[in-house]
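Participant: I have a structure here, written as structure tokens, and I will follow up with some questions on it.
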Amino acid sequence: MKTQRTVITILSFAILLSLPAIVAAGQGEKYADLLQTAREKGFVRVIACLEVPGIDALTKASNRFVTGITDAAYLQSAYTADLNLEKAIGSVTDQVLQHLNGRDYSVNHTFSTLPCLALTLSPEAVSRLTDSPGIVALIEDRPIPLSESWTNHVKDKISYPQLQQSTEIVGAKEAWNLGYTGKGWFVAILDTGIYKAHEF
């Protein structure tokens with residue numbers, strides 16, 4: 001049984017900024033952008049947002065447990081809640097991949113606690129995936145580069161812009177002006193490590 005748990009509940013703010021690239025299943029106009037990218041490059045990387053029945057309740061049940069408690073019944077309940085969440089996401093993931101059977105695609109990453117699937121798709125696979133009943137939306141999985149003004153300030157791998165500059169860098173003000181507030185989204189920050197000599 002697990003004694004410590006880490007549950008990441010949703011994607012980062014960068015995905016929120018990708019909302020214009022979201023392709024809801026069956027929406028032809030936005031779907032055309034992903035298909036065009038796939039045709040131009042021969043492939044397109046996407047994050048597929050999965051329609052997992054009961055995901056809110058399953059996630060809430062999984063997240064209510066905390067680490068550090070050693071009571072066997074408590075740990076069994078935590079394990080069961082995590083397992084139920086993983087099974088539900090895994091089931092929809094399997095259905096989506098089965099729907100892609102015979103198409104040119106590769107799985108970049110599967111998630112056990114996020115209702116998402118990272119894929120690289122051929123144009124044919126993009127077309128097929130938008131018809132999949134397990135898909136809520138497709139988001140192009142692309143890096144968001146720093147603006148030129150910020151990249152000119154980067155002197156080495158450590159001296160990237162600071163947190164207070166991040167809203168400008170990621171285009172948050174533009175997203176807010178379009179009416180995106182972040183309401184209903186959860187943000188997870190995945191850090192790559194610690195720089196012990198940092199001045200903070």
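Chain labels run A, B, ... following the order of the structure tokens; each chain numbers its residues from 1, and ligands are numbered from 1 in the order shown.
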Skip stretch 52-54 of chain A itself and residues of its chain fewer than 5 positions away, then list as a PDB file with all heavy atoms, in the first residue's frame all residues within 12 Å of it, counting only C-alpha atoms.
Facilitator:
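Output saved as result-v5.pdb:
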```
ATOM      1  N   THR A  59     -11.830  12.070  -8.877  1.00  0.00           N
ATOM      2  CA  THR A  59     -10.681  12.900  -8.508  1.00  0.00           C
ATOM      3  C   THR A  59     -10.832  13.420  -7.086  1.00  0.00           C
ATOM      4  O   THR A  59      -9.880  13.411  -6.301  1.00  0.00           O
ATOM      5  CB  THR A  59     -10.523  14.068  -9.495  1.00  0.00           C
ATOM      6  OG1 THR A  59     -10.349  13.536 -10.806  1.00  0.00           O
ATOM      7  CG2 THR A  59      -9.323  14.933  -9.152  1.00  0.00           C
ATOM      8  N   LYS A  60     -12.026  13.863  -6.757  1.00  0.00           N
ATOM      9  CA  LYS A  60     -12.278  14.367  -5.402  1.00  0.00           C
ATOM     10  C   LYS A  60     -12.040  13.266  -4.367  1.00  0.00           C
ATOM     11  O   LYS A  60     -11.419  13.502  -3.327  1.00  0.00           O
ATOM     12  CB  LYS A  60     -13.707  14.896  -5.306  1.00  0.00           C
ATOM     13  CG  LYS A  60     -14.014  15.588  -4.015  1.00  0.00           C
ATOM     14  CD  LYS A  60     -15.410  16.198  -4.051  1.00  0.00           C
ATOM     15  CE  LYS A  60     -15.701  16.941  -2.762  1.00  0.00           C
ATOM     16  NZ  LYS A  60     -17.021  17.572  -2.778  1.00  0.00           N
ATOM     17  N   ALA A  61     -12.506  12.071  -4.659  1.00  0.00           N
ATOM     18  CA  ALA A  61     -12.304  10.951  -3.732  1.00  0.00           C
ATOM     19  C   ALA A  61     -10.823  10.639  -3.568  1.00  0.00           C
ATOM     20  O   ALA A  61     -10.346  10.382  -2.462  1.00  0.00           O
ATOM     21  CB  ALA A  61     -13.052   9.719  -4.233  1.00  0.00           C
ATOM     22  N   ASN A  84      -9.460   3.366  -8.429  1.00  0.00           N
ATOM     23  CA  ASN A  84     -10.688   3.646  -9.176  1.00  0.00           C
ATOM     24  C   ASN A  84     -10.468   4.759 -10.197  1.00  0.00           C
ATOM     25  O   ASN A  84     -10.951   4.681 -11.334  1.00  0.00           O
ATOM     26  CB  ASN A  84     -11.822   4.019  -8.228  1.00  0.00           C
ATOM     27  CG  ASN A  84     -12.318   2.832  -7.422  1.00  0.00           C
ATOM     28  OD1 ASN A  84     -12.106   1.684  -7.796  1.00  0.00           O
ATOM     29  ND2 ASN A  84     -12.955   3.113  -6.297  1.00  0.00           N
ATOM     30  N   LEU A  85      -9.737   5.797  -9.799  1.00  0.00           N
ATOM     31  CA  LEU A  85      -9.429   6.896 -10.713  1.00  0.00           C
ATOM     32  C   LEU A  85      -8.573   6.393 -11.877  1.00  0.00           C
ATOM     33  O   LEU A  85      -8.862   6.668 -13.047  1.00  0.00           O
ATOM     34  CB  LEU A  85      -8.711   8.015  -9.960  1.00  0.00           C
ATOM     35  CG  LEU A  85      -8.249   9.218 -10.783  1.00  0.00           C
ATOM     36  CD1 LEU A  85      -9.444   9.937 -11.403  1.00  0.00           C
ATOM     37  CD2 LEU A  85      -7.441  10.178  -9.913  1.00  0.00           C
ATOM     38  N   GLU A  86      -7.524   5.648 -11.562  1.00  0.00           N
ATOM     39  CA  GLU A  86      -6.635   5.120 -12.598  1.00  0.00           C
ATOM     40  C   GLU A  86      -7.373   4.194 -13.561  1.00  0.00           C
ATOM     41  O   GLU A  86      -7.156   4.244 -14.775  1.00  0.00           O
ATOM     42  CB  GLU A  86      -5.459   4.386 -11.955  1.00  0.00           C
ATOM     43  CG  GLU A  86      -4.498   5.311 -11.237  1.00  0.00           C
ATOM     44  CD  GLU A  86      -3.396   4.570 -10.490  1.00  0.00           C
ATOM     45  OE1 GLU A  86      -3.136   3.387 -10.825  1.00  0.00           O
ATOM     46  OE2 GLU A  86      -2.803   5.162  -9.584  1.00  0.00           O
ATOM     47  N   LYS A  87      -8.252   3.345 -13.034  1.00  0.00           N
ATOM     48  CA  LYS A  87      -9.011   2.416 -13.886  1.00  0.00           C
ATOM     49  C   LYS A  87      -9.945   3.168 -14.829  1.00  0.00           C
ATOM     50  O   LYS A  87     -10.069   2.811 -16.002  1.00  0.00           O
ATOM     51  CB  LYS A  87      -9.818   1.440 -13.027  1.00  0.00           C
ATOM     52  CG  LYS A  87      -9.012   0.322 -12.437  1.00  0.00           C
ATOM     53  CD  LYS A  87      -9.917  -0.617 -11.641  1.00  0.00           C
ATOM     54  CE  LYS A  87      -9.155  -1.776 -11.058  1.00  0.00           C
ATOM     55  NZ  LYS A  87     -10.033  -2.665 -10.264  1.00  0.00           N
ATOM     56  N   ALA A  88     -10.617   4.188 -14.321  1.00  0.00           N
ATOM     57  CA  ALA A  88     -11.556   4.948 -15.153  1.00  0.00           C
ATOM     58  C   ALA A  88     -10.823   5.658 -16.288  1.00  0.00           C
ATOM     59  O   ALA A  88     -11.253   5.617 -17.446  1.00  0.00           O
ATOM     60  CB  ALA A  88     -12.327   5.950 -14.293  1.00  0.00           C
ATOM     61  N   ILE A  89      -9.701   6.297 -15.967  1.00  0.00           N
ATOM     62  CA  ILE A  89      -8.913   6.986 -16.995  1.00  0.00           C
ATOM     63  C   ILE A  89      -8.323   5.966 -17.966  1.00  0.00           C
ATOM     64  O   ILE A  89      -8.353   6.159 -19.187  1.00  0.00           O
ATOM     65  CB  ILE A  89      -7.814   7.856 -16.354  1.00  0.00           C
ATOM     66  CG1 ILE A  89      -8.453   9.023 -15.594  1.00  0.00           C
ATOM     67  CG2 ILE A  89      -6.833   8.373 -17.410  1.00  0.00           C
ATOM     68  CD1 ILE A  89      -7.494   9.815 -14.730  1.00  0.00           C
ATOM     69  N   GLY A  90      -7.818   4.865 -17.435  1.00  0.00           N
ATOM     70  CA  GLY A  90      -7.237   3.822 -18.280  1.00  0.00           C
ATOM     71  C   GLY A  90      -8.243   3.209 -19.235  1.00  0.00           C
ATOM     72  O   GLY A  90      -7.921   2.904 -20.389  1.00  0.00           O
ATOM     73  N   SER A  91      -9.467   3.042 -18.780  1.00  0.00           N
ATOM     74  CA  SER A  91     -10.511   2.468 -19.624  1.00  0.00           C
ATOM     75  C   SER A  91     -10.811   3.359 -20.829  1.00  0.00           C
ATOM     76  O   SER A  91     -10.896   2.883 -21.964  1.00  0.00           O
ATOM     77  CB  SER A  91     -11.782   2.250 -18.796  1.00  0.00           C
ATOM     78  OG  SER A  91     -12.832   1.793 -19.611  1.00  0.00           O
ATOM     79  N   VAL A  92     -10.945   4.666 -20.589  1.00  0.00           N
ATOM     80  CA  VAL A  92     -11.212   5.592 -21.699  1.00  0.00           C
ATOM     81  C   VAL A  92      -9.983   5.698 -22.599  1.00  0.00           C
ATOM     82  O   VAL A  92     -10.109   5.751 -23.828  1.00  0.00           O
ATOM     83  CB  VAL A  92     -11.658   6.975 -21.176  1.00  0.00           C
ATOM     84  CG1 VAL A  92     -11.831   7.962 -22.322  1.00  0.00           C
ATOM     85  CG2 VAL A  92     -12.959   6.842 -20.388  1.00  0.00           C
ATOM     86  N   THR A  93      -8.794   5.706 -22.015  1.00  0.00           N
ATOM     87  CA  THR A  93      -7.562   5.720 -22.813  1.00  0.00           C
ATOM     88  C   THR A  93      -7.536   4.527 -23.759  1.00  0.00           C
ATOM     89  O   THR A  93      -7.261   4.675 -24.957  1.00  0.00           O
ATOM     90  CB  THR A  93      -6.321   5.700 -21.895  1.00  0.00           C
ATOM     91  OG1 THR A  93      -6.299   6.896 -21.113  1.00  0.00           O
ATOM     92  CG2 THR A  93      -5.038   5.600 -22.694  1.00  0.00           C
ATOM     93  N   ASP A  94      -7.849   3.346 -23.246  1.00  0.00           N
ATOM     94  CA  ASP A  94      -7.871   2.137 -24.075  1.00  0.00           C
ATOM     95  C   ASP A  94      -8.899   2.245 -25.200  1.00  0.00           C
ATOM     96  O   ASP A  94      -8.632   1.842 -26.336  1.00  0.00           O
ATOM     97  CB  ASP A  94      -8.166   0.900 -23.222  1.00  0.00           C
ATOM     98  CG  ASP A  94      -7.023   0.552 -22.276  1.00  0.00           C
ATOM     99  OD1 ASP A  94      -5.898   1.074 -22.466  1.00  0.00           O
ATOM    100  OD2 ASP A  94      -7.267  -0.229 -21.333  1.00  0.00           O
ATOM    101  N   GLN A  95     -10.073   2.799 -24.897  1.00  0.00           N
ATOM    102  CA  GLN A  95     -11.116   2.960 -25.920  1.00  0.00           C
ATOM    103  C   GLN A  95     -10.663   3.899 -27.033  1.00  0.00           C
ATOM    104  O   GLN A  95     -10.884   3.625 -28.214  1.00  0.00           O
ATOM    105  CB  GLN A  95     -12.399   3.498 -25.287  1.00  0.00           C
ATOM    106  CG  GLN A  95     -13.110   2.525 -24.389  1.00  0.00           C
ATOM    107  CD  GLN A  95     -14.246   3.187 -23.619  1.00  0.00           C
ATOM    108  OE1 GLN A  95     -14.663   4.297 -23.922  1.00  0.00           O
ATOM    109  NE2 GLN A  95     -14.747   2.499 -22.601  1.00  0.00           N
ATOM    110  N   VAL A  96     -10.027   5.003 -26.649  1.00  0.00           N
ATOM    111  CA  VAL A  96      -9.552   5.972 -27.645  1.00  0.00           C
ATOM    112  C   VAL A  96      -8.477   5.337 -28.524  1.00  0.00           C
ATOM    113  O   VAL A  96      -8.504   5.464 -29.753  1.00  0.00           O
ATOM    114  CB  VAL A  96      -9.034   7.252 -26.959  1.00  0.00           C
ATOM    115  CG1 VAL A  96      -8.282   8.140 -27.941  1.00  0.00           C
ATOM    116  CG2 VAL A  96     -10.198   8.011 -26.328  1.00  0.00           C
ATOM    117  N   SER A 112      -2.203   8.545 -15.320  1.00  0.00           N
ATOM    118  CA  SER A 112      -3.067   7.744 -14.455  1.00  0.00           C
ATOM    119  C   SER A 112      -3.977   8.606 -13.596  1.00  0.00           C
ATOM    120  O   SER A 112      -4.993   8.124 -13.107  1.00  0.00           O
ATOM    121  CB  SER A 112      -2.226   6.827 -13.566  1.00  0.00           C
ATOM    122  OG  SER A 112      -1.348   7.584 -12.766  1.00  0.00           O
ATOM    123  N   THR A 113      -3.639   9.879 -13.408  1.00  0.00           N
ATOM    124  CA  THR A 113      -4.472  10.749 -12.572  1.00  0.00           C
ATOM    125  C   THR A 113      -5.011  11.957 -13.319  1.00  0.00           C
ATOM    126  O   THR A 113      -5.711  12.768 -12.736  1.00  0.00           O
ATOM    127  CB  THR A 113      -3.687  11.237 -11.333  1.00  0.00           C
ATOM    128  OG1 THR A 113      -2.525  11.922 -11.766  1.00  0.00           O
ATOM    129  CG2 THR A 113      -3.312  10.074 -10.433  1.00  0.00           C
ATOM    130  N   LEU A 114      -4.677  12.093 -14.587  1.00  0.00           N
ATOM    131  CA  LEU A 114      -5.203  13.174 -15.426  1.00  0.00           C
ATOM    132  C   LEU A 114      -6.033  12.562 -16.543  1.00  0.00           C
ATOM    133  O   LEU A 114      -5.599  11.597 -17.166  1.00  0.00           O
ATOM    134  CB  LEU A 114      -4.071  13.976 -16.068  1.00  0.00           C
ATOM    135  CG  LEU A 114      -3.172  14.792 -15.175  1.00  0.00           C
ATOM    136  CD1 LEU A 114      -2.029  15.382 -15.993  1.00  0.00           C
ATOM    137  CD2 LEU A 114      -3.949  15.888 -14.502  1.00  0.00           C
ATOM    138  N   PRO A 115      -7.185  13.128 -16.851  1.00  0.00           N
ATOM    139  CA  PRO A 115      -7.986  12.593 -17.953  1.00  0.00           C
ATOM    140  C   PRO A 115      -7.456  13.084 -19.300  1.00  0.00           C
ATOM    141  O   PRO A 115      -8.136  13.786 -20.047  1.00  0.00           O
ATOM    142  CB  PRO A 115      -9.388  13.127 -17.646  1.00  0.00           C
ATOM    143  CG  PRO A 115      -9.138  14.419 -16.941  1.00  0.00           C
ATOM    144  CD  PRO A 115      -7.876  14.205 -16.140  1.00  0.00           C
ATOM    145  N   CYS A 116      -6.222  12.720 -19.596  1.00  0.00           N
ATOM    146  CA  CYS A 116      -5.541  13.195 -20.802  1.00  0.00           C
ATOM    147  C   CYS A 116      -4.677  12.087 -21.383  1.00  0.00           C
ATOM    148  O   CYS A 116      -4.334  11.129 -20.701  1.00  0.00           O
ATOM    149  CB  CYS A 116      -4.651  14.392 -20.480  1.00  0.00           C
ATOM    150  SG  CYS A 116      -5.530  15.810 -19.846  1.00  0.00           S
ATOM    151  N   LEU A 117      -4.295  12.301 -22.642  1.00  0.00           N
ATOM    152  CA  LEU A 117      -3.454  11.364 -23.360  1.00  0.00           C
ATOM    153  C   LEU A 117      -2.606  12.175 -24.328  1.00  0.00           C
ATOM    154  O   LEU A 117      -3.143  12.981 -25.084  1.00  0.00           O
ATOM    155  CB  LEU A 117      -4.354  10.377 -24.112  1.00  0.00           C
ATOM    156  CG  LEU A 117      -3.749   9.303 -24.980  1.00  0.00           C
ATOM    157  CD1 LEU A 117      -2.859   8.375 -24.155  1.00  0.00           C
ATOM    158  CD2 LEU A 117      -4.863   8.500 -25.638  1.00  0.00           C
ATOM    159  N   PRO A 133     -15.696   8.875 -29.387  1.00  0.00           N
ATOM    160  CA  PRO A 133     -16.618   9.307 -28.333  1.00  0.00           C
ATOM    161  C   PRO A 133     -15.935   9.622 -27.006  1.00  0.00           C
ATOM    162  O   PRO A 133     -16.506  10.290 -26.160  1.00  0.00           O
ATOM    163  CB  PRO A 133     -17.572   8.117 -28.194  1.00  0.00           C
ATOM    164  CG  PRO A 133     -16.834   6.956 -28.747  1.00  0.00           C
ATOM    165  CD  PRO A 133     -15.902   7.493 -29.790  1.00  0.00           C
ATOM    166  N   GLY A 134     -14.712   9.180 -26.795  1.00  0.00           N
ATOM    167  CA  GLY A 134     -14.021   9.428 -25.533  1.00  0.00           C
ATOM    168  C   GLY A 134     -13.252  10.731 -25.483  1.00  0.00           C
ATOM    169  O   GLY A 134     -12.580  11.024 -24.503  1.00  0.00           O
ATOM    170  N   ILE A 135     -13.348  11.545 -26.548  1.00  0.00           N
ATOM    171  CA  ILE A 135     -12.574  12.783 -26.632  1.00  0.00           C
ATOM    172  C   ILE A 135     -13.458  13.991 -26.354  1.00  0.00           C
ATOM    173  O   ILE A 135     -14.501  14.167 -26.965  1.00  0.00           O
ATOM    174  CB  ILE A 135     -11.937  12.933 -28.033  1.00  0.00           C
ATOM    175  CG1 ILE A 135     -10.972  11.783 -28.303  1.00  0.00           C
ATOM    176  CG2 ILE A 135     -11.243  14.276 -28.190  1.00  0.00           C
ATOM    177  CD1 ILE A 135      -9.774  11.752 -27.390  1.00  0.00           C
ATOM    178  N   VAL A 136     -13.026  14.825 -25.423  1.00  0.00           N
ATOM    179  CA  VAL A 136     -13.698  16.097 -25.156  1.00  0.00           C
ATOM    180  C   VAL A 136     -13.096  17.181 -26.043  1.00  0.00           C
ATOM    181  O   VAL A 136     -13.806  17.995 -26.618  1.00  0.00           O
ATOM    182  CB  VAL A 136     -13.555  16.498 -23.670  1.00  0.00           C
ATOM    183  CG1 VAL A 136     -14.110  17.888 -23.426  1.00  0.00           C
ATOM    184  CG2 VAL A 136     -14.232  15.481 -22.786  1.00  0.00           C
TER     185      VAL A 136
END
```
Participant: How many Å lie between atom CA of A:Ala125 and atom CA of A:Arg103, rounded to one decimal?
Facilitator: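 Between these atoms lies a distance of 5.3 Å.
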Participant: Quick one: distance from atom CA of A:Asn177 to atom CA of A:Gln164 in Å, one decimal?
Facilitator: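 Interatomic distance, atom CA of A:Asn177 to atom CA of A:Gln164: 19.1 Å.
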Participant: Measuring between only C-alpha atoms, which one of A:Ala48, A:Ala38, A:Leu138, A:Leu58 shows the shortest distance to A:Thr80?
Facilitator: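 With only C-alpha atoms as the atom set, the closest residue is A:Leu58.
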Participant: Using atom CA of A:Arg45 and atom CA of A:Ala188 as the two end points, give the distance in Å to one decimal.
Facilitator: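 According to the coordinates, atom CA of A:Arg45 and atom CA of A:Ala188 are separated by 20.6 Å.
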Participant: Looking at A:Leu50, A:Trp176, A:Gly171, A:Trp185, which one is nearest to A:Leu129, with distances taken over only C-alpha atoms?
Facilitator: A:Leu50
Participant: Determine, counting only C-alpha atoms, which protein, DNA and RNA residues have an atom within 7 Å of an atom of stretch 118-120 of chain A; residues of the same chain fewer than 4 positions away are not included. Present the result as a ChimeraX atom specification.
Facilitator: /A:43-48,105-110
Participant: Hey, can you spit out that residue selection with all heavy atoms as a compact mmCIF listing (two decimals), in the first residue's frame?
Facilitator:
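The resulting file, out-v6.txt, is reproduced below:
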```txt
# COMPACT_ATOMS: atom_id res chain seq x y z
N PHE A 43 2.77 15.06 -39.28
CA PHE A 43 2.28 14.64 -37.97
C PHE A 43 1.95 15.89 -37.17
O PHE A 43 2.33 17.00 -37.52
CB PHE A 43 3.34 13.83 -37.21
CG PHE A 43 4.53 14.67 -36.80
CD1 PHE A 43 4.57 15.29 -35.56
CD2 PHE A 43 5.59 14.87 -37.68
CE1 PHE A 43 5.65 16.09 -35.20
CE2 PHE A 43 6.67 15.66 -37.32
CZ PHE A 43 6.71 16.26 -36.08
N VAL A 44 1.24 15.71 -36.07
CA VAL A 44 1.00 16.78 -35.10
C VAL A 44 0.96 16.15 -33.72
O VAL A 44 0.42 15.06 -33.54
CB VAL A 44 -0.29 17.57 -35.41
CG1 VAL A 44 -1.53 16.70 -35.27
CG2 VAL A 44 -0.40 18.81 -34.52
N ARG A 45 1.57 16.82 -32.76
CA ARG A 45 1.54 16.35 -31.37
C ARG A 45 0.33 16.98 -30.69
O ARG A 45 0.09 18.18 -30.84
CB ARG A 45 2.82 16.75 -30.64
CG ARG A 45 4.05 16.00 -31.14
CD ARG A 45 5.31 16.53 -30.49
NE ARG A 45 5.22 16.51 -29.05
CZ ARG A 45 5.80 15.59 -28.27
NH1 ARG A 45 6.51 14.63 -28.80
NH2 ARG A 45 5.68 15.64 -26.96
N VAL A 46 -0.44 16.18 -29.97
CA VAL A 46 -1.64 16.68 -29.31
C VAL A 46 -1.75 16.15 -27.88
O VAL A 46 -1.17 15.12 -27.54
CB VAL A 46 -2.94 16.29 -30.07
CG1 VAL A 46 -2.95 16.84 -31.48
CG2 VAL A 46 -3.16 14.79 -30.06
N ILE A 47 -2.49 16.90 -27.09
CA ILE A 47 -2.98 16.41 -25.81
C ILE A 47 -4.46 16.16 -26.02
O ILE A 47 -5.21 17.08 -26.38
CB ILE A 47 -2.79 17.44 -24.67
CG1 ILE A 47 -1.32 17.82 -24.49
CG2 ILE A 47 -3.41 16.92 -23.37
CD1 ILE A 47 -0.44 16.70 -24.00
N ALA A 48 -4.88 14.93 -25.86
CA ALA A 48 -6.29 14.58 -25.99
C ALA A 48 -6.92 14.64 -24.60
O ALA A 48 -6.48 13.96 -23.68
CB ALA A 48 -6.44 13.18 -26.58
N TYR A 105 -0.05 6.53 -35.58
CA TYR A 105 0.02 7.36 -34.38
C TYR A 105 1.04 6.76 -33.43
O TYR A 105 1.42 5.60 -33.56
CB TYR A 105 -1.34 7.47 -33.68
CG TYR A 105 -1.74 6.23 -32.93
CD1 TYR A 105 -1.46 6.09 -31.57
CD2 TYR A 105 -2.37 5.17 -33.58
CE1 TYR A 105 -1.81 4.94 -30.89
CE2 TYR A 105 -2.72 4.02 -32.90
CZ TYR A 105 -2.43 3.91 -31.55
OH TYR A 105 -2.77 2.77 -30.87
N SER A 106 1.46 7.56 -32.47
CA SER A 106 2.28 7.03 -31.38
C SER A 106 1.83 7.68 -30.08
O SER A 106 1.35 8.81 -30.07
CB SER A 106 3.77 7.28 -31.62
OG SER A 106 4.05 8.66 -31.69
N VAL A 107 1.96 6.93 -29.02
CA VAL A 107 1.60 7.42 -27.69
C VAL A 107 2.84 8.04 -27.07
O VAL A 107 3.85 7.37 -26.89
CB VAL A 107 1.06 6.28 -26.80
CG1 VAL A 107 0.76 6.80 -25.40
CG2 VAL A 107 -0.17 5.65 -27.43
N ASN A 108 2.76 9.32 -26.76
CA ASN A 108 3.89 10.00 -26.12
C ASN A 108 3.85 9.80 -24.61
O ASN A 108 4.89 9.67 -23.98
CB ASN A 108 3.87 11.50 -26.44
CG ASN A 108 3.95 11.74 -27.93
OD1 ASN A 108 4.52 10.95 -28.67
ND2 ASN A 108 3.36 12.82 -28.38
N HIS A 109 2.63 9.82 -24.05
CA HIS A 109 2.51 9.63 -22.60
C HIS A 109 1.06 9.33 -22.24
O HIS A 109 0.15 9.91 -22.81
CB HIS A 109 2.97 10.89 -21.86
CG HIS A 109 3.15 10.68 -20.40
ND1 HIS A 109 4.23 10.01 -19.87
CD2 HIS A 109 2.39 11.02 -19.34
CE1 HIS A 109 4.13 9.96 -18.55
NE2 HIS A 109 3.01 10.56 -18.20
N THR A 110 0.89 8.41 -21.32
CA THR A 110 -0.42 8.18 -20.73
C THR A 110 -0.38 8.68 -19.29
O THR A 110 0.69 8.74 -18.68
CB THR A 110 -0.81 6.68 -20.74
OG1 THR A 110 0.17 5.95 -20.01
CG2 THR A 110 -0.91 6.15 -22.16
```
